[in-house]
$ cat start.txt   # compact mmCIF, C-alpha atoms and all ligand atoms
# COMPACT_ATOMS: atom_id res chain seq x y z
CA MET A 309 53.82 229.34 -5.60
CA ALA A 310 51.78 229.64 -2.43
CA VAL A 311 49.98 226.38 -3.10
CA ARG A 312 53.19 224.65 -4.05
CA SER A 313 55.02 225.69 -0.92
CA LEU A 314 52.13 224.54 1.21
CA LEU A 315 52.03 221.16 -0.38
CA SER A 316 53.03 218.30 1.81
CA VAL A 317 53.02 214.71 0.82
CA ASP A 318 52.03 211.97 3.18
CA ARG A 319 53.86 208.82 2.34
CA CYS A 320 51.39 206.22 3.52
CA HIS A 321 53.38 203.16 2.52
CA LYS A 322 55.36 203.38 5.72
CA SER A 323 54.08 203.68 9.26
CA HIS A 324 55.47 207.14 9.82
CA ILE A 325 53.90 210.53 10.26
CA MET A 326 56.42 212.48 8.26
CA LYS A 327 55.35 215.42 6.13
CA TYR A 328 57.35 216.69 3.18
CA ALA A 329 57.62 220.10 1.56
CA PHE A 330 59.18 221.35 -1.62
CA CYS A 331 62.56 222.93 -1.03
CA GLY A 332 62.11 226.50 -2.24
CA ARG A 333 61.31 226.73 -5.91
CA SER A 334 62.88 223.33 -6.64
CA GLY A 335 61.24 220.00 -7.36
CA LEU A 336 62.93 218.39 -4.36
CA LEU A 337 60.83 217.33 -1.39
CA LEU A 338 62.46 217.46 2.02
CA PRO A 339 61.05 216.06 5.25
CA LYS A 340 59.82 218.74 7.65
CA ILE A 341 62.19 217.20 10.22
CA SER A 342 65.73 216.35 9.14
CA LEU A 343 68.46 214.73 11.22
CA GLY A 344 71.83 216.39 11.80
CA LEU A 345 75.01 214.53 12.76
CA TRP A 346 77.02 217.36 14.29
CA HIS A 347 76.98 215.81 17.79
CA ASN A 348 76.39 212.20 18.92
CA PHE A 349 77.63 210.42 15.79
CA GLY A 350 81.39 210.82 16.16
CA SER A 351 84.12 208.42 17.23
CA VAL A 352 83.66 209.51 20.88
CA ASP A 353 80.01 208.46 20.78
CA ASN A 354 78.20 205.13 21.08
CA PHE A 355 78.10 203.56 17.62
CA ASP A 356 75.11 201.34 18.38
CA THR A 357 73.04 204.32 19.52
CA ALA A 358 74.09 206.28 16.45
CA THR A 359 73.08 203.37 14.22
CA ALA A 360 69.74 202.93 15.98
CA MET A 361 68.92 206.64 15.61
CA ILE A 362 69.68 206.71 11.90
CA LEU A 363 67.66 203.58 11.23
CA ARG A 364 64.72 204.79 13.31
CA ALA A 365 64.80 208.18 11.64
CA PHE A 366 64.78 206.69 8.16
CA GLU A 367 62.05 204.24 9.07
CA GLN A 368 59.97 207.21 10.28
CA GLY A 369 60.35 209.06 7.00
CA VAL A 370 63.36 211.25 7.77
CA THR A 371 64.92 211.12 4.33
CA HIS A 372 67.41 213.93 4.89
CA PHE A 373 70.68 213.52 6.82
CA ASP A 374 73.00 216.47 7.32
CA LEU A 375 76.77 216.14 7.65
CA ALA A 376 79.85 218.35 7.41
CA ASN A 377 83.51 217.51 6.97
CA ASN A 378 84.34 218.50 10.56
CA TYR A 379 81.51 216.73 12.41
CA GLY A 380 82.69 214.30 15.06
CA PRO A 381 84.67 214.56 17.21
CA GLU A 382 87.17 213.54 15.92
CA PRO A 383 86.61 215.73 12.86
CA GLY A 384 85.56 213.51 9.97
CA SER A 385 84.35 210.67 12.15
CA ALA A 386 80.64 211.46 11.76
CA GLU A 387 81.04 211.04 8.00
CA THR A 388 83.00 207.83 8.49
CA ASN A 389 80.39 206.44 10.87
CA PHE A 390 77.51 207.50 8.65
CA GLY A 391 79.18 205.81 5.67
CA ARG A 392 79.54 202.60 7.66
CA ILE A 393 75.94 202.68 8.90
CA LEU A 394 74.75 203.29 5.35
CA LYS A 395 76.85 200.50 3.92
CA GLU A 396 75.82 197.98 6.58
CA ASN A 397 72.11 198.82 6.64
CA LEU A 398 70.75 201.18 4.05
CA LEU A 399 72.70 200.89 0.84
CA ALA A 400 69.69 199.61 -1.06
CA HIS A 401 67.88 202.81 -0.06
CA ARG A 402 70.42 205.37 -1.29
CA ASP A 403 67.99 206.79 -3.83
CA GLU A 404 65.44 207.38 -1.08
CA MET A 405 67.84 209.62 0.83
CA ILE A 406 69.10 213.18 0.67
CA ILE A 407 72.59 213.36 2.15
CA SER A 408 74.37 216.66 2.56
CA SER A 409 77.84 217.75 3.54
CA LYS A 410 79.72 221.02 3.88
CA ALA A 411 83.15 222.57 3.91
CA GLY A 412 84.38 225.80 5.45
CA TYR A 413 85.31 225.35 9.10
CA ASP A 414 88.68 224.12 10.42
CA MET A 415 89.40 220.62 9.18
CA TRP A 416 93.04 219.87 8.43
CA PRO A 417 96.31 221.64 9.29
CA GLY A 418 97.83 224.36 7.17
CA PRO A 419 96.33 227.21 5.20
CA TYR A 420 94.04 225.10 2.98
CA GLY A 421 92.18 223.10 5.61
CA THR A 422 89.74 225.88 6.48
CA GLY A 423 87.82 228.76 4.94
CA SER A 424 85.91 229.24 1.73
CA SER A 425 88.60 229.05 -0.93
CA ARG A 426 88.15 226.92 -4.01
CA LYS A 427 91.14 224.88 -2.83
CA ASN A 428 89.43 224.04 0.45
CA LEU A 429 86.03 223.21 -1.02
CA MET A 430 87.28 221.01 -3.85
CA ALA A 431 89.66 219.01 -1.64
CA SER A 432 87.16 218.78 1.17
CA CYS A 433 84.36 217.48 -1.01
CA ASP A 434 86.63 214.71 -2.28
CA GLN A 435 87.67 213.80 1.25
CA SER A 436 84.03 213.73 2.43
CA LEU A 437 83.03 211.45 -0.45
CA LYS A 438 85.85 209.08 0.48
CA ARG A 439 84.94 209.03 4.16
CA THR A 440 81.26 208.35 3.51
CA GLY A 441 81.90 205.98 0.63
CA LEU A 442 79.32 207.89 -1.41
CA GLU A 443 79.58 208.54 -5.12
CA TYR A 444 77.89 211.92 -4.72
CA PHE A 445 76.25 214.16 -2.15
CA ASP A 446 72.73 215.34 -2.78
CA ILE A 447 73.57 218.76 -1.39
CA PHE A 448 77.00 220.31 -0.93
CA TYR A 449 77.26 223.54 1.06
CA SER A 450 79.70 226.31 1.60
CA HIS A 451 79.56 226.12 5.40
CA ARG A 452 80.37 229.80 5.93
CA TYR A 453 81.56 233.08 4.52
CA ASP A 454 85.15 233.39 5.74
CA GLY A 455 85.28 237.16 5.50
CA VAL A 456 88.07 237.13 2.90
CA THR A 457 87.40 234.85 -0.06
CA PRO A 458 85.41 236.57 -2.80
CA VAL A 459 81.93 235.10 -2.98
CA GLU A 460 82.48 234.48 -6.73
CA GLU A 461 85.35 232.10 -5.96
CA THR A 462 83.38 230.04 -3.44
CA MET A 463 80.22 229.91 -5.56
CA GLN A 464 82.22 228.86 -8.61
CA ALA A 465 83.62 225.97 -6.59
CA LEU A 466 80.06 224.89 -5.71
CA ILE A 467 78.99 225.21 -9.35
CA ASP A 468 81.93 223.06 -10.44
CA ILE A 469 81.24 220.46 -7.75
CA VAL A 470 77.73 220.14 -9.17
CA HIS A 471 78.99 220.06 -12.77
CA GLN A 472 81.47 217.33 -11.84
CA GLY A 473 78.63 215.21 -10.50
CA LYS A 474 79.97 215.28 -6.94
CA ALA A 475 76.76 216.92 -5.71
CA LEU A 476 73.30 217.29 -7.17
CA TYR A 477 72.52 220.65 -5.58
CA ALA A 478 74.36 223.58 -3.99
CA GLY A 479 73.62 225.27 -0.68
CA ILE A 480 74.94 228.05 1.51
CA SER A 481 75.14 228.28 5.28
CA ASN A 482 75.79 231.10 7.71
CA TYR A 483 76.35 233.73 5.01
CA PRO A 484 75.74 237.20 6.40
CA ALA A 485 72.62 238.81 5.00
CA ASP A 486 74.63 241.25 2.86
CA LYS A 487 76.46 238.40 1.08
CA GLN A 488 73.49 236.09 0.77
CA GLN A 489 71.95 237.85 -2.25
CA GLU A 490 75.30 237.83 -4.04
CA CYS A 491 75.47 234.05 -3.64
CA TYR A 492 71.98 233.59 -5.08
CA ASN A 493 72.75 235.83 -8.05
CA ILE A 494 75.95 234.01 -9.01
CA LEU A 495 74.45 230.56 -8.62
CA ARG A 496 71.32 231.48 -10.56
CA GLU A 497 73.32 232.95 -13.45
CA ALA A 498 75.23 229.67 -13.68
CA HIS A 499 71.96 227.69 -13.74
CA VAL A 500 72.85 226.01 -10.47
CA PRO A 501 70.30 227.82 -8.30
CA CYS A 502 70.85 227.77 -4.57
CA LEU A 503 68.65 224.89 -3.45
CA ILE A 504 68.79 225.64 0.23
CA SER A 505 70.07 228.06 2.83
CA GLN A 506 71.02 226.79 6.28
CA TYR A 507 70.91 229.11 9.28
CA ASN A 508 70.32 229.01 13.01
CA TYR A 509 66.72 229.93 13.77
CA SER A 510 64.90 229.19 16.99
CA MET A 511 62.77 230.84 19.66
CA LEU A 512 66.05 232.09 21.12
CA ASN A 513 67.34 233.51 17.83
CA ARG A 514 64.65 235.36 15.90
CA GLY A 515 67.04 237.52 13.90
CA PRO A 516 66.47 235.54 10.65
CA GLU A 517 62.80 236.56 10.58
CA THR A 518 63.81 240.00 9.30
CA THR A 519 67.09 239.12 7.59
CA THR A 520 67.92 235.82 5.91
CA ILE A 521 64.49 234.12 5.76
CA PRO A 522 62.79 236.75 3.57
CA VAL A 523 65.83 236.99 1.26
CA ALA A 524 65.92 233.21 0.80
CA ALA A 525 62.17 233.12 0.12
CA ALA A 526 62.35 235.97 -2.39
CA ASN A 527 65.05 234.07 -4.26
CA GLY A 528 63.28 230.72 -4.29
CA SER A 529 65.82 229.08 -1.99
CA GLY A 530 64.61 226.59 0.58
CA TYR A 531 65.44 227.36 4.21
CA ILE A 532 66.57 224.80 6.78
CA CYS A 533 67.01 225.78 10.41
CA PHE A 534 69.83 224.33 12.44
CA SER A 535 69.82 224.02 16.23
CA PRO A 536 66.06 224.70 16.43
CA LEU A 537 66.20 223.57 20.07
CA GLN A 538 69.19 225.87 20.62
CA GLN A 539 71.27 222.81 21.42
CA GLY A 540 68.90 221.63 24.15
CA LEU A 541 68.08 224.94 25.87
CA LEU A 542 64.57 224.75 24.38
CA THR A 543 63.85 221.34 25.89
CA ASP A 544 63.30 220.08 29.42
CA ARG A 545 67.02 219.16 29.58
CA TYR A 546 68.15 222.04 31.82
CA LEU A 547 64.99 222.80 33.77
CA ASN A 548 66.37 221.17 36.91
CA GLY A 549 70.11 221.71 36.65
CA ILE A 550 72.79 220.40 34.31
CA PRO A 551 72.49 216.62 33.69
CA GLU A 552 75.81 214.76 33.66
CA ASN A 553 75.59 213.47 30.09
CA SER A 554 74.09 216.62 28.58
CA ARG A 555 75.70 218.67 25.82
CA ALA A 556 76.47 221.49 28.23
CA ALA A 557 78.22 219.09 30.60
CA ARG A 558 80.20 217.11 28.02
CA SER A 559 83.70 218.36 27.22
CA THR A 560 83.01 217.65 23.54
CA GLY A 561 79.72 219.61 23.55
CA PHE A 562 79.49 222.95 21.79
CA LEU A 563 76.93 224.37 24.23
CA GLN A 564 78.83 226.14 26.98
CA LEU A 565 77.83 225.96 30.64
CA ASN A 566 77.78 229.75 30.84
CA GLN A 567 75.16 229.85 28.09
CA VAL A 568 72.73 227.99 30.33
CA THR A 569 71.83 231.17 32.21
CA PRO A 570 69.15 231.48 34.91
CA GLU A 571 67.21 233.83 32.59
CA ARG A 572 67.13 231.26 29.77
CA VAL A 573 66.16 228.45 32.14
CA GLU A 574 63.37 230.61 33.54
CA ALA A 575 62.11 231.35 30.02
CA ALA A 576 62.27 227.63 29.20
CA ARG A 577 60.25 226.90 32.32
CA LYS A 578 57.51 229.32 31.26
CA LEU A 579 57.53 227.99 27.70
CA ASN A 580 57.29 224.49 29.12
CA GLU A 581 54.04 225.43 30.84
CA ILE A 582 52.53 226.51 27.52
CA ALA A 583 53.79 223.31 25.89
CA ALA A 584 52.19 221.23 28.65
CA ARG A 585 48.85 222.94 28.04
CA ARG A 586 49.18 222.00 24.36
CA GLY A 587 49.89 218.40 25.33
CA GLN A 588 53.43 218.68 23.97
CA SER A 589 56.95 218.52 25.29
CA LEU A 590 58.87 221.81 25.18
CA ALA A 591 61.06 220.34 22.41
CA GLN A 592 57.98 219.55 20.33
CA MET A 593 56.55 223.03 20.80
CA ALA A 594 59.89 224.66 19.93
CA LEU A 595 60.08 222.65 16.69
CA ALA A 596 56.45 223.33 15.78
CA TRP A 597 57.05 227.04 16.43
CA VAL A 598 59.91 227.14 13.91
CA LEU A 599 57.82 225.22 11.37
CA ARG A 600 54.89 227.64 11.73
CA ASP A 601 56.65 229.79 9.11
CA GLU A 602 55.85 228.30 5.71
CA ARG A 603 59.10 229.69 4.29
CA VAL A 604 60.94 227.22 6.54
CA THR A 605 61.35 224.00 4.58
CA SER A 606 62.71 221.82 7.36
CA VAL A 607 64.10 221.84 10.89
CA LEU A 608 67.44 220.15 11.41
CA ILE A 609 67.38 218.44 14.78
CA GLY A 610 70.03 216.73 16.82
CA ALA A 611 69.35 213.90 19.26
CA SER A 612 71.42 211.89 21.72
CA SER A 613 68.94 209.05 22.20
CA LEU A 614 66.12 207.19 20.49
CA GLN A 615 63.70 208.64 23.04
CA GLN A 616 64.60 212.21 22.08
CA LEU A 617 64.34 211.37 18.41
CA ASP A 618 60.91 209.76 18.83
CA ASN A 619 59.73 212.66 20.94
CA ASN A 620 60.83 215.16 18.31
CA LEU A 621 59.22 213.29 15.43
CA GLN A 622 55.87 213.37 17.22
CA THR A 623 55.97 217.16 16.83
CA LEU A 624 54.24 216.69 13.50
CA GLU A 625 51.06 215.59 15.25
CA ASN A 626 50.40 219.20 16.34
CA LEU A 627 51.85 222.07 14.33
CA GLU A 628 49.01 224.53 14.95
CA PHE A 629 49.17 227.51 17.31
CA THR A 630 46.39 229.80 18.46
CA ALA A 631 46.99 233.56 18.24
CA GLU A 632 46.91 233.66 22.05
CA GLU A 633 49.62 231.01 22.35
CA LEU A 634 51.84 232.84 19.87
CA HIS A 635 51.36 236.07 21.78
CA GLU A 636 52.21 234.44 25.11
CA ILE A 637 55.36 232.97 23.56
CA ASP A 638 56.34 236.35 22.07
CA VAL A 639 56.10 237.98 25.48
CA ILE A 640 58.34 235.34 27.08
CA LEU A 641 60.92 235.68 24.29
CA GLN A 642 61.19 239.44 24.81
CA VAL A 643 63.02 239.07 28.14
CA PRO A 644 66.33 240.92 27.72
CA GLY A 645 69.50 238.85 27.54
CA ILE A 646 68.02 235.48 26.55
CA ALA A 647 68.41 235.75 22.77
CA PHE A 648 71.41 234.52 20.82
CA ASN A 649 72.42 236.73 17.94
CA LYS A 650 73.61 234.84 14.91
N1 LIG B 1 75.43 224.97 9.36
C1 LIG B 1 75.92 225.10 10.57
O1 LIG B 1 76.82 225.91 10.82
C2 LIG B 1 75.36 224.24 11.67
C3 LIG B 1 75.64 224.56 13.02
C4 LIG B 1 75.05 223.76 13.99
C5 LIG B 1 74.26 222.68 13.65
N2 LIG B 1 74.06 222.39 12.33
C6 LIG B 1 73.22 221.24 11.92
O2 LIG B 1 72.03 221.20 12.69
C7 LIG B 1 71.94 219.93 13.34
C8 LIG B 1 71.19 220.06 14.63
O3 LIG B 1 71.89 220.92 15.53
P1 LIG B 1 71.78 220.68 17.08
O4 LIG B 1 72.21 219.29 17.39
O5 LIG B 1 72.46 221.81 17.76
O6 LIG B 1 70.17 220.76 17.23
P2 LIG B 1 69.16 220.94 18.41
O7 LIG B 1 68.01 220.10 18.00
O8 LIG B 1 68.95 222.38 18.69
O9 LIG B 1 69.86 220.31 19.72
C9 LIG B 1 70.02 218.94 19.87
C10 LIG B 1 70.22 218.60 21.35
O10 LIG B 1 69.06 218.95 22.10
C11 LIG B 1 68.76 217.93 23.05
N3 LIG B 1 67.47 217.33 22.68
C12 LIG B 1 67.03 217.01 21.44
N4 LIG B 1 65.77 216.54 21.48
C13 LIG B 1 65.40 216.54 22.77
C14 LIG B 1 64.22 216.16 23.44
N5 LIG B 1 63.14 215.71 22.78
N6 LIG B 1 64.18 216.28 24.80
C15 LIG B 1 65.23 216.76 25.48
N7 LIG B 1 66.40 217.14 24.89
C16 LIG B 1 66.47 217.03 23.55
C17 LIG B 1 69.89 216.93 22.99
O11 LIG B 1 70.87 217.35 23.92
P3 LIG B 1 71.75 216.33 24.80
O12 LIG B 1 72.88 215.98 23.89
O13 LIG B 1 72.14 217.16 25.96
O14 LIG B 1 70.90 215.17 25.11
C18 LIG B 1 70.40 217.10 21.58
O15 LIG B 1 71.75 216.71 21.43
C19 LIG B 1 73.39 219.50 13.47
O16 LIG B 1 73.52 218.12 13.69
C20 LIG B 1 73.94 219.92 12.14
O17 LIG B 1 73.57 219.00 11.14
C21 LIG B 1 74.58 223.16 11.35
$ encode --input "start.txt" --output "C-alpha cells"
Amino acid sequence: MAVRSLLSVDRCHKSHIMKYAFCGRSGLLLPKISLGLWHNFGSVDNFDTATAMILRAFEQGVTHFDLANNYGPEPGSAETNFGRILKENLLAHRDEMIISSKAGYDMWPGPYGTGSSRKNLMASCDQSLKRTGLEYFDIFYSHRYDGVTPVEETMQALIDIVHQGKALYAGISNYPADKQQECYNILREAHVPCLISQYNYSMLNRGPETTTIPVAAANGSGYICFSPLQQGLLTDRYLNGIPENSRAARSTGFLQLNQVTPERVEAARKLNEIAARRGQSLAQMALAWVLRDERVTSVLIGASSLQQLDNNLQTLENLEFTAEELHEIDVILQVPGIAFNK
C-alpha cells in the first residue's frame, strides 16, 4: 500500500507539471491539485474568466473539478456555467475528467431543499445532472451530516445513486469524526466503498491531523482538502490590507472581514518570509505544506484569476520541506487565536 499511495504518474503527453495519486485504496488517479468552483464561477462572476480558468486548468493536467448544488451565487449557477463551458469547449474530453457534485446545504425552499435526507439527495442529484448537462457525476457526495438524519439513510441514498448510474463513486464531506467511521462501514458493506472524504485542512486548521485524516487512511478512503489557502488568508492577499475585489471584501464572499485578524495577518507575514526563502509564494508553500502528508490525495483550490491559478499550479515544482522549515512553520502556527476549528 505504501508504494501504491506514493505512486504518481507524470503525463508527459501534455506540457503540464501535474502529478497524480491514487485516491485511497481505489484505482482512480486524482491530480494533486484539483479545482473547486465554490466561488468565482457563479452568475455574479465574469464568465470569460471562469472559462479561461477551467480551460487553463485542464490544459495543465487538472482533471478534477469540484462542484456542489449550491455553488454560485446564485445557487446552482456554478453548475450551469460549468455545464456550458464543458459543452462549448471540452465535451470531447469528458472521459478525461473527474467531475464531482454534492448535496446537503440549503438549496431550494421548503423542508426538502436542505439536509441529508434521501429525499434531498435523490432530487438534488437529478437537478445537478440537469444543470450541468452531464449523464453522470464521477463522484457524488453527501455534503454534510445534518445532525438528524440517520447515517444509514444518507449512505443508502449514495449507494442507490451509484447503482442507478448517476455517479461512479460516493464521497462524504464534513462528517464529524464520530460519524465518519459509520459512513465507511455502511458503504463498504454495500460494496460501494467511500472513494473520498472532503474536509477543510490547512495550516490554519490542523484538527484533521488527529481526527479525520487517520480514520480516512485506515479505511482506504482518499482525502481531499478544501480551502487549503483558508480562502486567501494563506496567500499574500491580505498582507497589506483588504483589496477591493478580494473574497473578504466582496458581499458574495464567504470569508468574513472579521476573520482577517491582525494575528492571522502577522502569522501570514512570517510564513511569507519562509516561503520567500524557499523561492515560493505563500500560496505555493501553503499548498505544498498540505500535500506533505501522503494520506492527502489532493488539494482543492479556488482561484479568482488565471494568475492565481498558474501560481498555484507551480507549487508542484517544490513539494519538499526541510525539518527546520517544518519546525519554524509549526512555531508560527502555535500562536493562540489564529486557528480555525472545523
Ligand atoms: N465540502 C465543503 O464543504 C467545501 C467548503 C468549501 C470549499 N469547498 C471546495 O474547495 C474549493 C476551494 O475552496 P476555496 O476557494 O475556499 O479555496 P482556497 O484555495 O483556500 O481559497 C481560494 C481563494 O484564495 C485566493 N487565492 C488563491 N490562489 C491565490 C494566489 N496564488 N495568490 C493570492 N491569492 C490566491 C483567492 O481569493 P480572492 O478571491 O480574494 O482573489 C481565491 O478565491 C471550493 O471551490 C469547493 O470546491 C468545499
$ residues_near_ligand --input "start.txt" --ligand "ligand LIG 1 (chain B)" --cutoff "7 Å" --atoms "only C-alpha atoms and all ligand atoms" --output "number ranges by chain"
A: 343-348, 374-375, 451, 481-482, 506-508, 534-540, 543-545, 553-556, 591-592, 608-612, 616-617, 619-620
$ residues_around --input "start.txt" --residues "region 447-450 of chain A" --least-positions-apart "6" --cutoff "7 Å" --atoms "all atoms listed in the file" --output "PyMOL selection string"
chain A and resi 407-412+424+475-481
$ write_last_selection --input "start.txt" --atoms "C-alpha atoms" --output "PDB file, keeping the file's coordinate frame"
ATOM      1  CA  ILE A 407      72.590 213.360   2.150  1.00  0.00           C
ATOM      2  CA  SER A 408      74.370 216.660   2.560  1.00  0.00           C
ATOM      3  CA  SER A 409      77.840 217.750   3.540  1.00  0.00           C
ATOM      4  CA  LYS A 410      79.720 221.020   3.880  1.00  0.00           C
ATOM      5  CA  ALA A 411      83.150 222.570   3.910  1.00  0.00           C
ATOM      6  CA  GLY A 412      84.380 225.800   5.450  1.00  0.00           C
ATOM      7  CA  SER A 424      85.910 229.240   1.730  1.00  0.00           C
ATOM      8  CA  ALA A 475      76.760 216.920  -5.710  1.00  0.00           C
ATOM      9  CA  LEU A 476      73.300 217.290  -7.170  1.00  0.00           C
ATOM     10  CA  TYR A 477      72.520 220.650  -5.580  1.00  0.00           C
ATOM     11  CA  ALA A 478      74.360 223.580  -3.990  1.00  0.00           C
ATOM     12  CA  GLY A 479      73.620 225.270  -0.680  1.00  0.00           C
ATOM     13  CA  ILE A 480      74.940 228.050   1.510  1.00  0.00           C
ATOM     14  CA  SER A 481      75.140 228.280   5.280  1.00  0.00           C
TER      15      SER A 481
END
$ closest_residue --input "start.txt" --among "A:Cys433, A:Met405, A:Leu512, A:Ala575" --to "Ser342 (chain A)" --atoms "all atoms listed in the file"
A:Met405
$ atom_distance --input "start.txt" --atom1 "CA of Pro501 (chain A)" --atom2 "CA of Leu466 (chain A)"
10.5 Å
$ residues_around --input "start.txt" --residues "Ser425 (chain A)" --least-positions-apart "5" --cutoff "9 Å" --atoms "all atoms listed in the file" --output "list in words"
Gly412, Tyr420, Met430, Asp454, Val456, Thr457, Pro458, Glu461, Thr462 and Ala465 of chain A
$ closest_residue --input "start.txt" --among "A:Ile550, A:Leu542, A:Ile637, A:Val370" --to "Ala594 (chain A)" --atoms "only C-alpha atoms"
A:Leu542
$ closest_residue --input "start.txt" --among "A:Leu614, A:Gly645, A:Asn378, A:Ile532" --to "Ala329 (chain A)" --atoms "only C-alpha atoms"
A:Ile532
